[in-house]
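Undergrad: I have a structure I would like to understand better, so I am pasting it below and will then ask my questions one at a time.
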Number of protein chains: 2
Amino acid sequence: MTEVARRAGVSIATASRVIGATDYPVSLATRTRVLEAARALDYVPNALARGLLKSQIAVVGVVVHDITDPYFSEVVRGVEDAAAPDGYLVIACSSDRSSERERSYVRLLRSMRAAAVIFAGSGIDDPVANEELGRHLAGIRENGSAVVHLSPHAFGAPQVGVDNPAGIAAMVAALAALGHRQIAFIAGPTALYVASERLAGYRRGVAATGIGAEPRLIVHASFDRGGGAAGVDALLAGGAPFTAICCANDVQALGALQRLAELGLRVPDDVSVAGFDDISVAALTAPALSTVQLPLRELGRRGFAHAVRQLAGETLAPELLPTQVVIRGSIGPPRVVMTRGGRA
Amino acid sequence: MTEVARRAGVSIATASRVIGATDYPVSLATRTRVLEAARALDYVPNALARGLLKSQIAVVGVVVHDITDPYFSEVVRGVEDAAAPDGYLVIACSSDRSSERERSYVRLLRSMRAAAVIFAGSGIDDPVANEELGRHLAGIRENGSAVVHLSPHAFGAPQVGVDNPAGIAAMVAALAALGHRQIAFIAGPTALYVASERLAGYRRGVAATGIGAEPRLIVHASFDRGGGAAGVDALLAGGAPFTAICCANDVQALGALQRLAELGLRVPDDVSVAGFDDISVAALTAPALSTVQLPLRELGRRGFAHAVRQLAGETLAPELLPTQVVIRGSIGPPRVVMTRGGRA
DNA sequence: GGACCGATAGCAAACCTTTACTGTACGGTT
DNA sequence: AACCGTACAGTAAAGGTTTGCTATCGGTCC
């Protein structure tokens, strides 16, 4: 920059004012000379120096469980789409559901004075981990940066979220409308806040249909392919009959579908299967997965918008985005009742 | 940091040496006092100040076409996995195949003195865009940062790559081994370097089987779902008979599968379909997609490793990662010959 | 006993911007 | 004619770290 100023024959201050596009008055002639000098020298401003001064750099970190999971890549993309026009870069951090990795990422983000940290994944219920996390978040806020949660977490409700309970309840209602009375639920890991929201949605949905709750129809499993398969096995072993399986997450549903096929059970003839999230794969399986569509990209966009307004000092009410049930081939009217070991 | 030093009763320099974990000798007593002060104050070093001084920050940018594409999210994850242990953060930039967005991202990355910029997506053949890009890359290298290509591009071969031609040729060979003699190819956009590599692989594969090349069996289409569908339509309209379709990319193959189903053509009974990349969806479609597996995560990991060694000043030979044909349900022996309008 | 050495610790410059404050010139007011 | 406001340009400080160089001190070696 010093060079640019020298070449343009002006002071560094003036050059800075031209480059930085401030509203400080600079005569047209000077401005042109500076711009030309900058072009000739292929000058690119040093974001670090600028950031050091402002104690903030135009970067937003998005903490996800796994960028490879379509749910998260979609959210990250939403954040990026909203951030790019403002010149922000986005750092994606895959914590792999390890609160240790998560903390270490948040620390790094704090250390580099990211303008915002957006948590896309559900928080983990771990007091000791959350204590350190809380310290970091306080530090980040103190620095004037924004913190946004897109999912329920230890410190409360998300700033921008998706109405998980309503979504699951709607799916349960859709299954009930088809005639199902024994609807099983493969829930997520108990330590995950979203998982409990979704479980609550299931309970609410079941209650709304007037069916009595059957505890054996609820099994917990991890939020991945293996979890879905394990969930199916657990349900069959449980002995309580069911005609439909509602999964807390699409990836689980995929696993369930696969496991059912291995067991020779037909979907939806023998059992209906529903997922949640509507990741892009859902439409491509055989049969295509019925699921609940979440406005993930929009979630990301709003998350960033929320961060920006937080940076501007505004205080805003939390938003809750609506979901939509998508019916595809994997669900149908109930036929037979499942019991231990297969068809009754 | 000044505070930490004051609290520990030492100079800033000493505190820095303790925090920075340099090999400069500091007595154990002092070191302990500094560490304790840092903990008490919840001190987190300012990466911007550090970066300003070193003219480099522990961040690596990965330029992709779309983070939502499983191909790229997998590569990014590989980079991240390799980068995290070294304390590097990774910025994912979705250029959406726009060379303008790409340039703007690269400029931002240069402006923030990212330690490395890794290009995961194929370069675009656009001279004027590449001129500016080249200037930026030169600037980045001049700054002591690394530049790594994971795909062929305007400036030559990738530092770490995947053997695209060999992969496609192997798939063509597999189809030929099943008895196919009329193998169509849905190629990618002509402006994309990978696309031409894969086309070359197809040509090589076809030549190896001794079948004469039929120009009408090669159609160009975009690297997305719609491209695959359009490719199928173009092939059928082309009038040249074929018993198998080899796609330059899985996502295209998915589109082709969908289009063929709409047209009432059975896979693989009426026509075999093969993809390329082995994204995770490939195993879940009906029928499951035969494809060529690429070590994407490994590609990302090696890309980062390459960057690190570049930063250390080493000059290394380019690497080429092997691929593997994965046979699933979507291909089988040829039955009937396709012509304009459907089955012959 | 004095030169010298190794182990520590401190000083201060440098990294590159931004911005509050100061200075200058000029046209217009009273 | 003294004064004032406006439009521009420059000076210098500050932001948080790293690091080359210098300083101190207790000992070691002839």
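In the structure tokens, the first chain shown is A, the next is B, and so on; residue numbers restart at 1 for each chain, and ligands run from 1 in the order shown.
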With chain A held fixed, move chain B onto it by a least-squares fit of all C-alpha atoms in order and give the output as a compact mmCIF listing (two decimals) with C-alpha atoms, in the first residue's frame.

TA:
```txt
# COMPACT_ATOMS: atom_id res chain seq x y z
CA MET B 1 -0.01 -0.05 0.08
CA THR B 2 2.91 2.18 0.84
CA GLU B 3 4.01 1.51 -2.70
CA VAL B 4 0.66 2.37 -4.16
CA ALA B 5 0.67 5.64 -2.26
CA ARG B 6 4.19 6.48 -3.41
CA ARG B 7 3.39 5.64 -7.03
CA ALA B 8 0.25 7.77 -6.90
CA GLY B 9 2.14 10.55 -5.16
CA VAL B 10 -0.18 10.68 -2.18
CA SER B 11 0.01 9.76 1.49
CA ILE B 12 -0.76 6.29 2.77
CA ALA B 13 -3.82 7.65 4.48
CA THR B 14 -5.29 8.91 1.27
CA ALA B 15 -4.53 5.71 -0.56
CA SER B 16 -6.24 3.80 2.22
CA ARG B 17 -9.30 5.96 1.96
CA VAL B 18 -9.58 5.33 -1.75
CA ILE B 19 -8.97 1.61 -1.55
CA GLY B 20 -11.16 1.11 1.46
CA ALA B 21 -14.05 2.79 -0.32
CA THR B 22 -14.85 4.89 2.72
CA ASP B 23 -17.11 7.88 2.44
CA TYR B 24 -14.27 10.23 3.27
CA PRO B 25 -14.04 12.86 0.55
CA VAL B 26 -11.17 12.38 -1.88
CA SER B 27 -10.95 14.42 -5.05
CA LEU B 28 -11.69 12.60 -8.23
CA ALA B 29 -8.22 13.23 -9.69
CA THR B 30 -6.45 11.75 -6.66
CA ARG B 31 -8.85 8.85 -6.48
CA THR B 32 -8.20 7.96 -10.10
CA ARG B 33 -4.45 8.13 -9.67
CA VAL B 34 -4.57 5.85 -6.64
CA LEU B 35 -6.84 3.35 -8.33
CA GLU B 36 -4.59 3.25 -11.33
CA ALA B 37 -1.48 2.76 -9.24
CA ALA B 38 -3.20 -0.08 -7.41
CA ARG B 39 -4.08 -1.77 -10.65
CA ALA B 40 -0.61 -1.34 -12.08
CA LEU B 41 0.95 -2.86 -8.98
CA ASP B 42 -1.60 -5.69 -8.76
CA TYR B 43 -2.20 -4.52 -5.24
CA VAL B 44 -4.39 -6.61 -2.97
CA PRO B 45 -5.13 -5.24 0.50
CA ASN B 46 -3.90 -7.21 3.45
CA ALA B 47 -6.95 -8.54 5.21
CA LEU B 48 -4.87 -9.51 8.23
CA ALA B 49 -3.65 -6.00 8.89
CA ARG B 50 -7.14 -4.70 8.46
CA GLY B 51 -8.51 -7.40 10.69
CA LEU B 52 -5.94 -6.77 13.36
CA LEU B 53 -6.99 -3.18 13.56
CA LYS B 54 -10.70 -3.90 13.61
CA SER B 55 -10.25 -6.95 15.74
CA GLN B 56 -12.44 -8.76 13.27
CA ILE B 57 -11.98 -10.41 9.91
CA ALA B 58 -14.61 -10.99 7.24
CA VAL B 59 -14.86 -14.69 7.86
CA VAL B 60 -17.69 -16.70 9.29
CA GLY B 61 -17.20 -20.14 10.74
CA VAL B 62 -19.88 -22.76 10.43
CA VAL B 63 -19.61 -25.62 12.87
CA VAL B 64 -21.18 -28.78 11.51
CA HIS B 65 -21.01 -32.42 12.41
CA ASP B 66 -19.83 -33.54 9.00
CA ILE B 67 -19.62 -31.52 5.81
CA THR B 68 -20.06 -34.76 3.90
CA ASP B 69 -23.57 -35.12 5.29
CA PRO B 70 -25.94 -33.59 2.74
CA TYR B 71 -27.88 -31.90 5.51
CA PHE B 72 -24.89 -29.86 6.52
CA SER B 73 -23.41 -29.21 3.12
CA GLU B 74 -26.74 -27.72 2.17
CA VAL B 75 -26.79 -25.43 5.20
CA VAL B 76 -23.19 -24.40 4.63
CA ARG B 77 -24.03 -23.59 1.05
CA GLY B 78 -26.86 -21.39 2.23
CA VAL B 79 -24.54 -19.51 4.54
CA GLU B 80 -22.01 -19.15 1.78
CA ASP B 81 -24.55 -17.85 -0.71
CA ALA B 82 -25.63 -15.18 1.72
CA ALA B 83 -22.08 -14.37 2.79
CA ALA B 84 -20.37 -14.12 -0.58
CA PRO B 85 -22.02 -10.89 -1.75
CA ASP B 86 -20.80 -9.18 1.41
CA GLY B 87 -17.25 -10.40 0.85
CA TYR B 88 -17.27 -12.88 3.70
CA LEU B 89 -15.50 -16.20 3.44
CA VAL B 90 -16.90 -19.23 5.20
CA ILE B 91 -14.95 -21.78 7.14
CA ALA B 92 -16.63 -25.14 7.51
CA CYS B 93 -15.65 -27.12 10.58
CA SER B 94 -16.56 -30.79 10.77
CA SER B 95 -16.59 -31.69 14.43
CA ASP B 96 -17.51 -35.30 13.73
CA ARG B 97 -19.79 -35.00 16.76
CA SER B 98 -16.77 -34.84 19.03
CA SER B 99 -17.21 -32.04 21.50
CA GLU B 100 -13.45 -31.91 21.78
CA ARG B 101 -12.99 -31.21 18.09
CA GLU B 102 -15.83 -28.75 18.27
CA ARG B 103 -14.22 -26.83 21.09
CA SER B 104 -10.89 -26.80 19.37
CA TYR B 105 -12.49 -25.39 16.24
CA VAL B 106 -14.35 -22.74 18.16
CA ARG B 107 -11.13 -21.76 19.86
CA LEU B 108 -9.40 -21.43 16.51
CA LEU B 109 -12.27 -19.36 15.18
CA ARG B 110 -12.09 -17.13 18.21
CA SER B 111 -8.35 -16.88 17.85
CA MET B 112 -8.71 -15.60 14.33
CA ARG B 113 -11.46 -13.18 15.26
CA ALA B 114 -14.02 -14.59 12.87
CA ALA B 115 -16.88 -12.14 12.50
CA ALA B 116 -19.40 -14.83 13.29
CA VAL B 117 -19.65 -18.42 14.39
CA ILE B 118 -22.72 -20.31 13.26
CA PHE B 119 -23.56 -23.61 14.85
CA ALA B 120 -25.43 -25.71 12.34
CA GLY B 121 -25.42 -28.96 14.23
CA SER B 122 -27.26 -29.76 17.37
CA GLY B 123 -25.48 -29.07 20.62
CA ILE B 124 -24.27 -31.92 22.73
CA ASP B 125 -25.44 -32.36 26.28
CA ASP B 126 -22.09 -32.49 28.05
CA PRO B 127 -21.72 -30.08 31.00
CA VAL B 128 -17.95 -30.02 31.24
CA ALA B 129 -17.49 -29.53 27.50
CA ASN B 130 -20.17 -26.87 27.46
CA GLU B 131 -18.45 -24.93 30.21
CA GLU B 132 -15.39 -24.31 28.06
CA LEU B 133 -17.57 -23.74 25.02
CA GLY B 134 -19.53 -21.15 26.95
CA ARG B 135 -16.35 -19.31 27.86
CA HIS B 136 -15.35 -19.19 24.22
CA LEU B 137 -18.74 -17.96 23.13
CA ALA B 138 -18.60 -15.24 25.74
CA GLY B 139 -15.17 -14.27 24.47
CA ILE B 140 -16.40 -14.18 20.91
CA ARG B 141 -19.34 -11.99 21.77
CA GLU B 142 -17.13 -9.75 23.87
CA ASN B 143 -14.99 -9.26 20.81
CA GLY B 144 -18.02 -7.91 19.00
CA SER B 145 -18.50 -11.00 16.89
CA ALA B 146 -21.78 -12.81 16.41
CA VAL B 147 -22.85 -16.25 17.54
CA VAL B 148 -25.80 -17.96 15.92
CA HIS B 149 -27.36 -21.32 16.63
CA LEU B 150 -29.36 -23.12 13.98
CA SER B 151 -30.36 -25.94 16.24
CA PRO B 152 -31.27 -26.34 19.89
CA HIS B 153 -28.28 -26.41 22.22
CA ALA B 154 -27.15 -26.21 25.80
CA PHE B 155 -27.70 -22.49 26.07
CA GLY B 156 -31.26 -22.47 24.83
CA ALA B 157 -33.30 -22.25 21.68
CA PRO B 158 -31.75 -21.51 18.30
CA GLN B 159 -31.82 -17.97 16.87
CA VAL B 160 -33.01 -19.43 13.61
CA GLY B 161 -34.40 -22.91 13.58
CA VAL B 162 -36.63 -25.44 12.02
CA ASP B 163 -39.83 -26.56 13.63
CA ASN B 164 -38.74 -30.11 14.33
CA PRO B 165 -41.59 -31.18 16.60
CA ALA B 166 -44.22 -29.91 14.21
CA GLY B 167 -42.50 -31.64 11.30
CA ILE B 168 -42.36 -35.03 12.92
CA ALA B 169 -45.87 -34.66 14.27
CA ALA B 170 -47.08 -33.89 10.76
CA MET B 171 -45.45 -37.02 9.43
CA VAL B 172 -47.00 -39.11 12.18
CA ALA B 173 -50.34 -37.58 11.31
CA ALA B 174 -49.82 -38.49 7.66
CA LEU B 175 -49.11 -42.08 8.61
CA ALA B 176 -52.11 -42.17 10.89
CA ALA B 177 -54.22 -40.81 8.07
CA LEU B 178 -53.18 -43.83 5.99
CA GLY B 179 -54.53 -46.04 8.72
CA HIS B 180 -51.43 -46.82 10.74
CA ARG B 181 -52.02 -47.33 14.44
CA GLN B 182 -48.70 -48.84 15.44
CA ILE B 183 -46.05 -46.38 14.43
CA ALA B 184 -42.52 -47.07 15.58
CA PHE B 185 -39.92 -44.33 16.01
CA ILE B 186 -36.20 -44.60 15.55
CA ALA B 187 -34.95 -41.68 17.59
CA GLY B 188 -31.49 -40.15 17.52
CA PRO B 189 -28.81 -40.25 20.20
CA THR B 190 -30.21 -39.13 23.55
CA ALA B 191 -27.39 -36.64 24.05
CA LEU B 192 -28.35 -34.63 20.97
CA TYR B 193 -30.78 -31.78 21.47
CA VAL B 194 -32.42 -32.10 18.07
CA ALA B 195 -33.02 -35.74 18.79
CA SER B 196 -35.09 -34.93 21.83
CA GLU B 197 -37.01 -32.27 19.93
CA ARG B 198 -37.92 -34.79 17.29
CA LEU B 199 -38.83 -37.39 19.84
CA ALA B 200 -41.11 -34.83 21.43
CA GLY B 201 -42.70 -34.27 18.04
CA TYR B 202 -43.32 -37.98 17.69
CA ARG B 203 -44.92 -38.12 21.13
CA ARG B 204 -47.07 -35.15 20.32
CA GLY B 205 -48.09 -36.67 17.00
CA VAL B 206 -48.95 -40.01 18.51
CA ALA B 207 -50.92 -38.37 21.27
CA ALA B 208 -52.85 -36.33 18.71
CA THR B 209 -54.03 -39.48 16.96
CA GLY B 210 -55.42 -40.82 20.16
CA ILE B 211 -53.32 -43.97 19.98
CA GLY B 212 -51.87 -45.03 23.28
CA ALA B 213 -48.07 -44.71 23.48
CA GLU B 214 -46.10 -47.95 23.40
CA PRO B 215 -42.62 -47.52 24.90
CA ARG B 216 -41.21 -50.51 23.05
CA LEU B 217 -41.89 -48.75 19.76
CA ILE B 218 -39.27 -46.11 20.52
CA VAL B 219 -35.65 -47.04 20.02
CA HIS B 220 -32.58 -44.85 20.10
CA ALA B 221 -29.89 -45.16 17.46
CA SER B 222 -27.12 -43.06 16.01
CA PHE B 223 -27.85 -40.54 13.25
CA ASP B 224 -26.23 -42.57 10.48
CA ARG B 225 -26.82 -45.48 8.14
CA GLY B 226 -25.81 -48.04 10.76
CA GLY B 227 -28.16 -46.47 13.28
CA GLY B 228 -31.11 -47.04 10.99
CA ALA B 229 -30.22 -50.68 10.50
CA ALA B 230 -29.68 -51.19 14.22
CA GLY B 231 -32.98 -49.46 14.91
CA VAL B 232 -34.84 -51.91 12.69
CA ASP B 233 -33.21 -54.83 14.45
CA ALA B 234 -34.04 -53.39 17.85
CA LEU B 235 -37.67 -52.84 16.91
CA LEU B 236 -38.05 -56.37 15.60
CA ALA B 237 -36.39 -57.73 18.73
CA GLY B 238 -38.63 -55.56 20.88
CA GLY B 239 -41.64 -57.68 20.15
CA ALA B 240 -44.18 -54.89 19.88
CA PRO B 241 -46.07 -55.00 16.56
CA PHE B 242 -45.80 -52.04 14.19
CA THR B 243 -46.86 -51.19 10.66
CA ALA B 244 -44.73 -48.13 10.07
CA ILE B 245 -41.33 -46.83 11.05
CA CYS B 246 -40.77 -43.16 11.41
CA CYS B 247 -37.11 -42.17 11.52
CA ALA B 248 -35.70 -39.05 13.14
CA ASN B 249 -33.47 -38.47 10.14
CA ASP B 250 -33.18 -39.47 6.47
CA VAL B 251 -29.82 -41.13 6.72
CA GLN B 252 -31.22 -43.44 9.37
CA ALA B 253 -34.18 -44.15 7.13
CA LEU B 254 -31.80 -45.10 4.33
CA GLY B 255 -30.14 -47.58 6.66
CA ALA B 256 -33.53 -48.90 7.72
CA LEU B 257 -34.55 -49.36 4.09
CA GLN B 258 -31.40 -51.28 3.39
CA ARG B 259 -31.79 -53.50 6.45
CA LEU B 260 -35.42 -54.22 5.70
CA ALA B 261 -34.48 -55.25 2.17
CA GLU B 262 -31.83 -57.59 3.57
CA LEU B 263 -34.46 -59.12 5.81
CA GLY B 264 -36.74 -59.68 2.86
CA LEU B 265 -39.36 -57.23 4.06
CA ARG B 266 -41.05 -55.18 1.38
CA VAL B 267 -41.56 -51.45 1.68
CA PRO B 268 -44.28 -50.22 1.83
CA ASP B 269 -46.22 -53.49 1.48
CA ASP B 270 -44.93 -55.02 4.69
CA VAL B 271 -43.94 -51.88 6.48
CA SER B 272 -43.96 -48.17 5.71
CA VAL B 273 -40.83 -46.11 6.27
CA ALA B 274 -40.55 -42.37 6.68
CA GLY B 275 -37.51 -40.16 7.05
CA PHE B 276 -36.83 -36.57 8.01
CA ASP B 277 -34.75 -33.82 6.32
CA ASP B 278 -35.38 -34.58 2.64
CA ILE B 279 -31.77 -34.81 1.64
CA SER B 280 -31.37 -35.08 -2.12
CA VAL B 281 -30.82 -38.84 -2.08
CA ALA B 282 -34.24 -39.37 -0.60
CA ALA B 283 -35.94 -39.02 -3.98
CA LEU B 284 -33.63 -41.56 -5.59
CA THR B 285 -33.92 -44.65 -3.46
CA ALA B 286 -36.16 -47.54 -4.34
CA PRO B 287 -38.80 -47.07 -3.14
CA ALA B 288 -38.37 -43.30 -2.94
CA LEU B 289 -38.35 -42.13 0.65
CA SER B 290 -41.25 -40.24 2.16
CA THR B 291 -39.83 -37.58 4.36
CA VAL B 292 -40.18 -34.11 5.78
CA GLN B 293 -38.61 -31.35 3.81
CA LEU B 294 -36.52 -28.82 5.67
CA PRO B 295 -35.57 -25.48 4.10
CA LEU B 296 -31.88 -26.11 4.75
CA ARG B 297 -30.34 -23.65 2.37
CA GLU B 298 -32.74 -21.02 3.55
CA LEU B 299 -31.77 -21.90 7.10
CA GLY B 300 -28.14 -21.18 6.24
CA ARG B 301 -29.02 -17.92 4.52
CA ARG B 302 -31.09 -16.73 7.42
CA GLY B 303 -28.42 -17.78 9.84
CA PHE B 304 -25.96 -15.50 8.12
CA ALA B 305 -28.49 -12.69 7.88
CA HIS B 306 -29.07 -13.06 11.57
CA ALA B 307 -25.35 -12.86 12.25
CA VAL B 308 -25.06 -9.68 10.22
CA ARG B 309 -27.85 -8.02 12.09
CA GLN B 310 -26.29 -9.12 15.34
CA LEU B 311 -23.06 -7.46 14.25
CA ALA B 312 -25.01 -4.30 13.58
CA GLY B 313 -26.10 -4.35 17.18
CA GLU B 314 -29.71 -5.23 16.59
CA THR B 315 -31.45 -7.63 18.90
CA LEU B 316 -33.91 -9.83 17.12
CA ALA B 317 -36.49 -12.42 17.91
CA PRO B 318 -35.77 -16.03 17.08
CA GLU B 319 -37.25 -17.39 13.85
CA LEU B 320 -38.73 -20.81 13.26
CA LEU B 321 -38.85 -22.10 9.69
CA PRO B 322 -41.74 -24.34 8.61
CA THR B 323 -41.35 -27.85 7.28
CA GLN B 324 -43.30 -29.80 4.72
CA VAL B 325 -44.27 -33.45 4.51
CA VAL B 326 -43.24 -35.08 1.21
CA ILE B 327 -45.06 -38.27 0.39
CA ARG B 328 -43.22 -40.71 -1.86
CA GLY B 329 -43.28 -44.44 -2.44
CA SER B 330 -42.01 -45.67 0.91
CA ILE B 331 -45.27 -45.30 2.76
CA GLY B 332 -48.66 -46.82 2.12
CA PRO B 333 -51.63 -48.19 3.99
CA PRO B 334 -50.83 -50.86 6.63
CA ARG B 335 -51.27 -54.50 5.66
CA VAL B 336 -49.77 -56.84 8.17
CA VAL B 337 -48.49 -56.52 11.69
CA MET B 338 -44.82 -56.94 12.45
CA THR B 339 -43.73 -59.03 15.36
CA ARG B 340 -40.54 -60.56 16.58
CA GLY B 341 -38.87 -62.46 13.77
CA GLY B 342 -40.78 -61.06 10.85
CA ARG B 343 -44.26 -61.04 9.44
CA ALA B 344 -47.05 -62.20 11.71
```

Undergrad: Report as JSON lines the residues of chain D within 12 Å of region 5-19 of chain C, each with its shortest atom pair and distance in Å (one decimal), using only C-alpha atoms (C1' of nucleotides), ordered by chain and increasing residue number.

TA:
```
{"residue": "D:DT11", "atom": "C1'", "partner": "C:DT19", "partner_atom": "C1'", "distance": 11.3}
{"residue": "D:DA12", "atom": "C1'", "partner": "C:DT19", "partner_atom": "C1'", "distance": 10.3}
{"residue": "D:DA13", "atom": "C1'", "partner": "C:DT19", "partner_atom": "C1'", "distance": 9.4}
{"residue": "D:DA14", "atom": "C1'", "partner": "C:DT18", "partner_atom": "C1'", "distance": 9.3}
{"residue": "D:DG15", "atom": "C1'", "partner": "C:DT17", "partner_atom": "C1'", "distance": 9.5}
{"residue": "D:DG16", "atom": "C1'", "partner": "C:DC15", "partner_atom": "C1'", "distance": 10.7}
{"residue": "D:DT17", "atom": "C1'", "partner": "C:DC15", "partner_atom": "C1'", "distance": 9.2}
{"residue": "D:DT18", "atom": "C1'", "partner": "C:DA14", "partner_atom": "C1'", "distance": 9.2}
{"residue": "D:DT19", "atom": "C1'", "partner": "C:DA13", "partner_atom": "C1'", "distance": 9.5}
{"residue": "D:DG20", "atom": "C1'", "partner": "C:DA13", "partner_atom": "C1'", "distance": 9.4}
{"residue": "D:DC21", "atom": "C1'", "partner": "C:DC11", "partner_atom": "C1'", "distance": 8.8}
{"residue": "D:DT22", "atom": "C1'", "partner": "C:DC11", "partner_atom": "C1'", "distance": 8.0}
{"residue": "D:DA23", "atom": "C1'", "partner": "C:DG10", "partner_atom": "C1'", "distance": 7.8}
{"residue": "D:DT24", "atom": "C1'", "partner": "C:DA9", "partner_atom": "C1'", "distance": 8.3}
{"residue": "D:DC25", "atom": "C1'", "partner": "C:DT8", "partner_atom": "C1'", "distance": 9.1}
{"residue": "D:DG26", "atom": "C1'", "partner": "C:DA7", "partner_atom": "C1'", "distance": 9.6}
{"residue": "D:DG27", "atom": "C1'", "partner": "C:DC5", "partner_atom": "C1'", "distance": 8.7}
{"residue": "D:DT28", "atom": "C1'", "partner": "C:DC5", "partner_atom": "C1'", "distance": 7.8}
{"residue": "D:DC29", "atom": "C1'", "partner": "C:DC5", "partner_atom": "C1'", "distance": 9.9}
```

Undergrad: Can you measure C1' of DG27 (chain C) to C1' of DA9 (chain D) for me? One decimal in Å is fine.

TA: 18.4 Å

Undergrad: So that I can check the surroundings of DG5 (chain D), please list as a ChimeraX atom specification every protein, DNA and RNA residue that reaches within 12 Å of it, counting only C-alpha atoms (C1' of nucleotides) and ignoring chain neighbours fewer than 6 positions away.

TA: /C:26-29

Undergrad: Enumerate, as a VMD selection string, the complete set of residues in region 124-239 of chain B that a backbone-based DSSP assignment places in alpha helix (DSSP H).

TA: chain B and resid 127 to 142 164 to 177 193 to 209 225 to 238

Undergrad: Calculate how many Å separate C1' of DT24 (chain C) from C1' of DA2 (chain D), rounding to one decimal.

TA: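 Separation of C1' of DT24 (chain C) and C1' of DA2 (chain D): 17.8 Å.
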